[in-house]
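Report on the following structure.
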Amino acid sequence: MNGTQEELTGASRFRPGWLLLPASVWWMVFFVMPLGILAAISFLRPGSPVEWSLTAGNYGRLLDPLLLKVFLRSLVMAAAATAVCLAIGYPMAYFMARQPPRLQKLLYFLTLIPLWANSLALTYAWMVLLRSDGVLERGLRWAGAIGPADDLRLLYTPASVVLGLVYWYLPFMVYPLYASLEKFDWRLLDAAMDLGATRWTALHRVMLPLTMPGIIGGCLLVFIPALGNFVVPQLMGGAKQALIGNVIQERFLSQPQDWPLGSALAMTMMVLVTAAVWAYFRYAREEHALG
Amino acid sequence: MATVCSSRADQGDGRQVSSTAPVVELRKVSKTLGEHRVLDRMDLEVHPGEFVSLLGPSGCGKTTSLRLIAGFDHPTSGDVYIHGHLVNGSPPYRRDVNMVFQSYALFPHLTVRANVSFGLEMQRLLRPEIESRVDEALGMVRMEGLSERYPHQLSGGQQQRAALARALVTRPAVLLLDEPLGALDLRLRQEMQGELKKLQRRLGLAFLYVTHDQEEALTMSDRVAVMQGGRILQCGTPAEVYEKPRTRFVAEFVGEANILSGRVIGLGEGSASVGTAGGVVRVSDAGGTAQTGREVTMVLRPEKVVLSEASASGHDNRLSGLVEEVTYLGNGTRYRVRVGDRLALTVRRQNAPHERAVGLGEKVFACFPADTVHLLTEE
């Protein structure tokens with residue numbers, strides 16, 4: 001183990017800083033600057049689109065009960081989507097990781113396919129499936145499972161939003177999970193069972209904690225973008241299921257425009273998420289003071 | 001051939017092993033994976049307090065037999081008994097055996113203490129008892145000071161000790177050890193061999209020890225079972241296996257061996273004369289297996305041969321030859337002595353004081369008594 005560390009230090013002696021240049025430029029121009037502009041707008045008075053005088057009032061306006069309700073709904077939706085992704089993704093990643101290496105590669109490749117298709121088009125496809133008198137209902141009616149006049153009202157419900165979000169983000173849950181399960185030493189399960197643990201106990205006492213980085217990573221990769229997604233709630237949720245992403249989008253694009261409020265919302269979301277992630281990693285580091 | 005590997009009343013070192021029921025017993029156990037027969041009607045008994053080694057090259061089925069006993073795999077046919085109970089279908093967590101894995105398989109997210117207490121927690125013991133037994137187990141392997149460390153903060157030897165403590169603490173009927181010292185360097189390995197053996201004696205716990213290292217098997221075991229191709233070829237005390245190997249494979253796998261083959265040309269009283277490529281060799285044959293005219297194979301261990309420059313008398317066998325290779329080994333020297341066109345003997349000699357060095361190309365006599373030549377009974 002010492003050997004590897006020495007090798008690493010040896011290799012890292014060659015560290016030319018200019019390799020970072022393209023990334024730095026990119027980040028400055030396309031990330032830091034827009035973010036700065038957004039932050040600046042959030043401190044301006046609303047106008048058409050803004051009035052050039054400073055105020056902190058936009059942040060105060062966020063405490064509007066209506067906005068808080070949307071915010072809460074977004075948290076619940078994103079959390080539900082994350083939970084469903086985890087519930088589907090973990091067994092899936094587990095199954096993949098237990099296959100022979102060649103089959104693993106094929107399965108991994110297959111999970112990439114949804115990412116190649118346009119997600120907007122895929123979301124429309126879901127609508128075709130789920131809407132009243134859509135493919136699903138017709139199928140069920142044909143099979144005799146529902147009556148000719150029954151309307152299941154599958155679309156434009158909280159469930160259809162969660163479904164859409166799960167469909168978008170499931171791959172992002174599976175990859176980190178697969179990555180950590182693939183590294184998992186399966187003999188540890190043998191060892192646990194040898195010491196008297198049932199299969200289930202072995203899974204949750206040994207495999208679960210050891211794949212926790214993958215679980216956390218996958219949850220972050222699903223939860224954070226799901227929280228800000230506005231396409232799915234707009235298309236599959238209808239007017240009643242608006243999420244925080246929709247509110248932000250509308251303040252920028254629809255009348256009445258209110259860029260400062262939209263900016264303040266976006267900034268607040270970002271700060272909250274960053275703070276939550278930072279707090280988690282801090283906690284995790286203190287909890288398991290590993291290496 | 002069906003070699004039943006069961007303990008004898010009298011062990012090689014004079015200790016009496018009680019004739020109690022075996023803690024682990026395999027009866028005609030076979031394991032087939034696809035077309036490949038990994039184990040072939042294997043019989044084995046391990047008695048309380050006994051140290052049994054399964055010795056063989058990789059792929060001989062020794063690890064598979066451990067996994068069958070631990071319950072990770074199940075036999076295709078045959079029966080596995082633990083404490084006299086048939087356990088064929090029962091899962092690992094219902095079996096009163098523990099395994100020390102080849103590269104330890106310590107839980108990386110748990111401290112040494114938590115690793116060791118895992119098995120006791122599974123038995124739902126009360127906290128105070130768990131703590132005291134963990135302390136006791138850590139004490140046995142001299143790991144008290146390192147109990148709060150994580151496995152990756154330990155050296156290989158320390159990880160080995162922690163794995164041992166984890167397996168011992170639940171007081172299993174038998175401890176299964178799968179090449180536990182394989183990952184350690186030579187000095188540490190030898191040190192751990194001694195410690196393991198001492199611990200095993202002190203606890204009176206049965207050990208079933210898998211290794212491909214014949215020296216390890218010989219020095220630690222009460223009995224050694226030499227395996228090849230899913231079968232036990234021979235099972236006995238280390239001295240029996242070394243001195244009286246039954247087959248050529250056993251002779252060559254356990255230590256260095258000169259294999260002499262030839263035709264019986266004369267029979268004496270409890271002995272036979274065999275014409276070999278190096279000349280006539282007299283071999284004691286108390287069992288009377290030799291018949292005139294029969295082809296036989298014999299084993300002669302390198303350290304049994306004495307090299308002398310004159311044709312000294314007092315030896316049953318004296319083959320003249322030429323030293324064609326000298327290898328200095330530190331504590332000894334290995335010679336290769338050509339005694340015939342198609343036969344060269346390996347001879348090993350201690351580097352004792354007043355011992356005249358034999359040089360390359362010297363003409364010597366390889367001398368050895370008849371009773372050091374062992375007649376193989378099977379091919």
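By order of appearance in the structure tokens: chains A, B, ..., then residues from 1 within every chain, and ligands from 1 in the order shown.
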Near chain A, which residues of chain B fall within 6 Å when you count only C-alpha atoms, and what do they look like as a PDB file with N, CA, C and O atoms, in the first residue's frame?
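Wrote out.pdb, looks like this:
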ATOM      1  N   PRO B  92     -24.756 -20.682   5.388  1.00  0.00           N
ATOM      2  CA  PRO B  92     -23.558 -20.443   6.210  1.00  0.00           C
ATOM      3  C   PRO B  92     -23.884 -19.950   7.619  1.00  0.00           C
ATOM      4  O   PRO B  92     -23.209 -20.317   8.584  1.00  0.00           O
ATOM      5  N   TYR B  93     -24.939 -19.097   7.730  1.00  0.00           N
ATOM      6  CA  TYR B  93     -25.198 -18.503   9.044  1.00  0.00           C
ATOM      7  C   TYR B  93     -25.813 -19.486  10.029  1.00  0.00           C
ATOM      8  O   TYR B  93     -25.991 -19.161  11.193  1.00  0.00           O
ATOM      9  N   ASN B  98     -16.330 -21.215  11.346  1.00  0.00           N
ATOM     10  CA  ASN B  98     -15.954 -19.893  10.864  1.00  0.00           C
ATOM     11  C   ASN B  98     -14.742 -19.997   9.964  1.00  0.00           C
ATOM     12  O   ASN B  98     -13.930 -20.893  10.096  1.00  0.00           O
ATOM     13  N   ALA B 105     -10.806 -10.512   4.107  1.00  0.00           N
ATOM     14  CA  ALA B 105     -12.196 -10.059   3.993  1.00  0.00           C
ATOM     15  C   ALA B 105     -12.677  -9.364   5.264  1.00  0.00           C
ATOM     16  O   ALA B 105     -13.792  -9.578   5.728  1.00  0.00           O
ATOM     17  N   GLY B 119     -19.712 -11.072  14.755  1.00  0.00           N
ATOM     18  CA  GLY B 119     -20.276 -12.412  14.934  1.00  0.00           C
ATOM     19  C   GLY B 119     -21.073 -12.544  16.223  1.00  0.00           C
ATOM     20  O   GLY B 119     -22.107 -13.213  16.270  1.00  0.00           O
ATOM     21  N   MET B 122     -24.379 -10.853  15.918  1.00  0.00           N
ATOM     22  CA  MET B 122     -25.316 -11.692  15.169  1.00  0.00           C
ATOM     23  C   MET B 122     -25.946 -12.736  16.085  1.00  0.00           C
ATOM     24  O   MET B 122     -27.055 -13.180  15.855  1.00  0.00           O
TER      25      MET B 122
END
(request) Tell me which protein, DNA and RNA residues are within 9 Å of Met298 (chain B), counting only C-alpha atoms, leaving out same-chain ones fewer than 2 positions away, and put them as an MDAnalysis selection string. (result) chainID B and resid 248 258:262 283 296 300 373:376
(message) Taking 4 positions as the minimum chain separation for residues in the same chain, which residues sit within 7 Å of Gly236 (chain B) when counting only C-alpha atoms? Answer as a ChimeraX atom specification.
(response) /B:223-225,240-241
Those selected residues, please, written with N, CA and C atoms and delivered as a compact mmCIF listing (two decimals), in the first residue's frame.
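Below is the file that was written, selection-v3.txt:
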# COMPACT_ATOMS: atom_id res chain seq x y z
N ARG B 223 -2.38 -33.80 11.14
CA ARG B 223 -2.51 -34.66 9.97
C ARG B 223 -2.51 -33.81 8.71
N VAL B 224 -1.96 -34.37 7.66
CA VAL B 224 -1.93 -33.69 6.37
C VAL B 224 -2.68 -34.54 5.36
N ALA B 225 -3.58 -33.93 4.61
CA ALA B 225 -4.24 -34.64 3.51
C ALA B 225 -3.73 -34.04 2.21
N GLU B 240 4.40 -39.52 8.30
CA GLU B 240 3.94 -40.58 7.40
C GLU B 240 3.93 -40.11 5.96
N VAL B 241 3.37 -38.93 5.77
CA VAL B 241 3.23 -38.42 4.41
C VAL B 241 4.59 -38.16 3.78
(message) Would you pick out the contacts of Val232 (chain A) at 10 Å or less, using only C-alpha atoms, so that residues sharing its chain but fewer than 6 positions from it are not included, and give the list as number ranges by chain?
(response) A: 119-120, 123-124, 160-165, 167-168, 226, 238, 241-243, 245-246
Selected residues written out, C-alpha atoms, as a PDB file, in the first residue's frame:
ATOM      1  CA  SER A 119     -35.710  13.906 -23.490  1.00  0.00           C
ATOM      2  CA  LEU A 120     -38.350  16.378 -24.574  1.00  0.00           C
ATOM      3  CA  THR A 123     -41.615  13.187 -22.435  1.00  0.00           C
ATOM      4  CA  TYR A 124     -44.152  13.749 -25.239  1.00  0.00           C
ATOM      5  CA  SER A 160     -47.226  11.440 -13.498  1.00  0.00           C
ATOM      6  CA  VAL A 161     -44.718  14.171 -12.633  1.00  0.00           C
ATOM      7  CA  VAL A 162     -42.758  11.800 -10.418  1.00  0.00           C
ATOM      8  CA  LEU A 163     -42.901   9.188 -13.172  1.00  0.00           C
ATOM      9  CA  GLY A 164     -41.535  11.656 -15.691  1.00  0.00           C
ATOM     10  CA  LEU A 165     -38.755  12.750 -13.364  1.00  0.00           C
ATOM     11  CA  TYR A 167     -37.667   8.427 -16.322  1.00  0.00           C
ATOM     12  CA  TRP A 168     -35.349  11.380 -16.939  1.00  0.00           C
ATOM     13  CA  ALA A 226     -35.162  17.152 -10.347  1.00  0.00           C
ATOM     14  CA  GLY A 238     -50.316  20.627 -16.058  1.00  0.00           C
ATOM     15  CA  GLN A 241     -48.341  20.782 -10.525  1.00  0.00           C
ATOM     16  CA  ALA A 242     -46.018  23.735 -11.132  1.00  0.00           C
ATOM     17  CA  LEU A 243     -42.656  23.347  -9.466  1.00  0.00           C
ATOM     18  CA  GLY A 245     -38.416  25.529 -11.926  1.00  0.00           C
ATOM     19  CA  ASN A 246     -41.639  26.580 -13.614  1.00  0.00           C
TER      20      ASN A 246
END
(request) May I ask which of the residues B:Val264, B:Val299, B:Ala344, B:Leu26 is the closest one to Val250 (chain B), counting only C-alpha atoms? (result)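 Nearest to Val250 (chain B): B:Val299.
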(request) Excluding region 255-269 of chain A and residues on its chain fewer than 6 positions from it, collect all residues at most 10 Å away from it, counting only C-alpha atoms, and give them as a VMD selection string. (result) chain A and resid 35 37 to 51 55 to 62 67 71 224 227 to 228 244 to 245 247 to 249 275
Just C-alpha atoms for this one: save the residues we selected as an mmCIF file, in the first residue's frame.
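Saved result, result_12.cif, follows:
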data_model
loop_
_atom_site.group_PDB
_atom_site.id
_atom_site.type_symbol
_atom_site.label_atom_id
_atom_site.label_comp_id
_atom_site.auth_asym_id
_atom_site.auth_seq_id
_atom_site.Cartn_x
_atom_site.Cartn_y
_atom_site.Cartn_z
ATOM 1 C CA LEU A 35 -23.877 33.462 -12.171
ATOM 2 C CA ILE A 37 -25.100 38.535 -13.591
ATOM 3 C CA LEU A 38 -27.866 36.467 -12.009
ATOM 4 C CA ALA A 39 -26.684 37.440 -8.529
ATOM 5 C CA ALA A 40 -26.574 41.092 -9.566
ATOM 6 C CA ILE A 41 -30.086 41.049 -11.036
ATOM 7 C CA SER A 42 -31.443 39.512 -7.849
ATOM 8 C CA PHE A 43 -30.500 42.749 -6.072
ATOM 9 C CA LEU A 44 -32.182 45.073 -8.600
ATOM 10 C CA ARG A 45 -35.740 46.417 -8.555
ATOM 11 C CA PRO A 46 -38.194 44.802 -10.959
ATOM 12 C CA GLY A 47 -39.031 46.885 -14.065
ATOM 13 C CA SER A 48 -39.018 46.083 -17.732
ATOM 14 C CA PRO A 49 -37.090 43.946 -17.284
ATOM 15 C CA VAL A 50 -35.152 45.608 -14.447
ATOM 16 C CA GLU A 51 -34.747 48.982 -12.879
ATOM 17 C CA THR A 55 -32.586 46.473 -3.165
ATOM 18 C CA ALA A 56 -32.640 43.347 -1.018
ATOM 19 C CA GLY A 57 -36.393 43.276 -1.205
ATOM 20 C CA ASN A 58 -36.583 40.509 -3.787
ATOM 21 C CA TYR A 59 -35.420 38.016 -1.194
ATOM 22 C CA GLY A 60 -38.119 39.176 1.147
ATOM 23 C CA ARG A 61 -40.711 38.567 -1.535
ATOM 24 C CA LEU A 62 -39.708 34.905 -1.591
ATOM 25 C CA LEU A 67 -44.067 30.484 -3.453
ATOM 26 C CA PHE A 71 -41.087 25.240 -3.032
ATOM 27 C CA ILE A 224 -30.700 18.445 -7.463
ATOM 28 C CA LEU A 227 -35.705 20.041 -7.977
ATOM 29 C CA GLY A 228 -35.154 22.540 -10.770
ATOM 30 C CA ILE A 244 -40.057 25.910 -8.518
ATOM 31 C CA GLY A 245 -38.416 25.529 -11.926
ATOM 32 C CA VAL A 247 -41.923 29.651 -11.431
ATOM 33 C CA ILE A 248 -38.371 30.712 -12.236
ATOM 34 C CA GLN A 249 -38.903 30.064 -15.951
ATOM 35 C CA ALA A 275 -25.277 24.385 1.714
#
(request) Apply DSSP to the structure's backbone, then extract all residues of region 143-243 of chain B labelled alpha helix (DSSP H) and return them as a ChimeraX atom specification. (result) /B:156-168,186-203,214-220,238-243
Let me see the file: selected residues, C-alpha atoms, as a tab-separated table (two decimals), in the first residue's frame.
chain	number	residue	atom	x	y	z
B	156	GLY	CA	-0.80	-7.32	6.55
B	157	GLY	CA	0.15	-9.24	9.67
B	158	GLN	CA	-2.16	-7.14	11.83
B	159	GLN	CA	-5.03	-7.65	9.41
B	160	GLN	CA	-4.34	-11.35	9.61
B	161	ARG	CA	-4.57	-11.24	13.41
B	162	ALA	CA	-7.78	-9.24	13.29
B	163	ALA	CA	-9.33	-11.74	10.87
B	164	LEU	CA	-8.29	-14.54	13.18
B	165	ALA	CA	-9.81	-12.84	16.21
B	166	ARG	CA	-13.03	-12.22	14.31
B	167	ALA	CA	-13.30	-15.91	13.45
B	168	LEU	CA	-12.25	-17.20	16.88
B	186	LEU	CA	8.37	-15.14	4.46
B	187	ARG	CA	9.55	-13.99	7.88
B	188	LEU	CA	6.13	-12.87	9.01
B	189	ARG	CA	4.67	-16.08	7.64
B	190	GLN	CA	7.01	-18.21	9.70
B	191	GLU	CA	6.33	-16.14	12.78
B	192	MET	CA	2.57	-16.45	12.26
B	193	GLN	CA	2.86	-20.20	11.68
B	194	GLY	CA	4.27	-20.61	15.15
B	195	GLU	CA	1.68	-18.31	16.66
B	196	LEU	CA	-1.23	-20.00	14.93
B	197	LYS	CA	-0.10	-23.40	16.08
B	198	LYS	CA	0.35	-22.19	19.67
B	199	LEU	CA	-3.07	-20.56	19.65
B	200	GLN	CA	-4.69	-23.67	18.23
B	201	ARG	CA	-3.10	-25.87	20.92
B	202	ARG	CA	-4.06	-23.46	23.69
B	203	LEU	CA	-7.68	-23.20	22.60
B	214	GLN	CA	4.18	-28.19	2.01
B	215	GLU	CA	6.51	-26.85	4.66
B	216	GLU	CA	3.65	-25.01	6.31
B	217	ALA	CA	1.51	-28.14	6.26
B	218	LEU	CA	4.27	-30.35	7.65
B	219	THR	CA	5.30	-28.04	10.47
B	220	MET	CA	1.85	-27.13	11.77
B	238	PRO	CA	3.38	-35.22	8.53
B	239	ALA	CA	6.02	-37.91	9.13
B	240	GLU	CA	3.94	-40.58	7.40
B	241	VAL	CA	3.23	-38.42	4.41
B	242	TYR	CA	6.84	-37.38	4.08
B	243	GLU	CA	8.57	-40.66	4.86
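For the pair CA of Gly139 (chain B) and CA of Ser117 (chain B), the interatomic distance is 13.6 Å.
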(request) Can you list, as a list in words, all residues belonging to region 148-206 of chain B that DSSP tags as strand (DSSP E or B)? (result)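 In region 148-206 of chain B, DSSP puts these residues in strand (DSSP E or B): Val174, Leu175, Leu176, Leu177, Asp178 and Ala206 of chain B.
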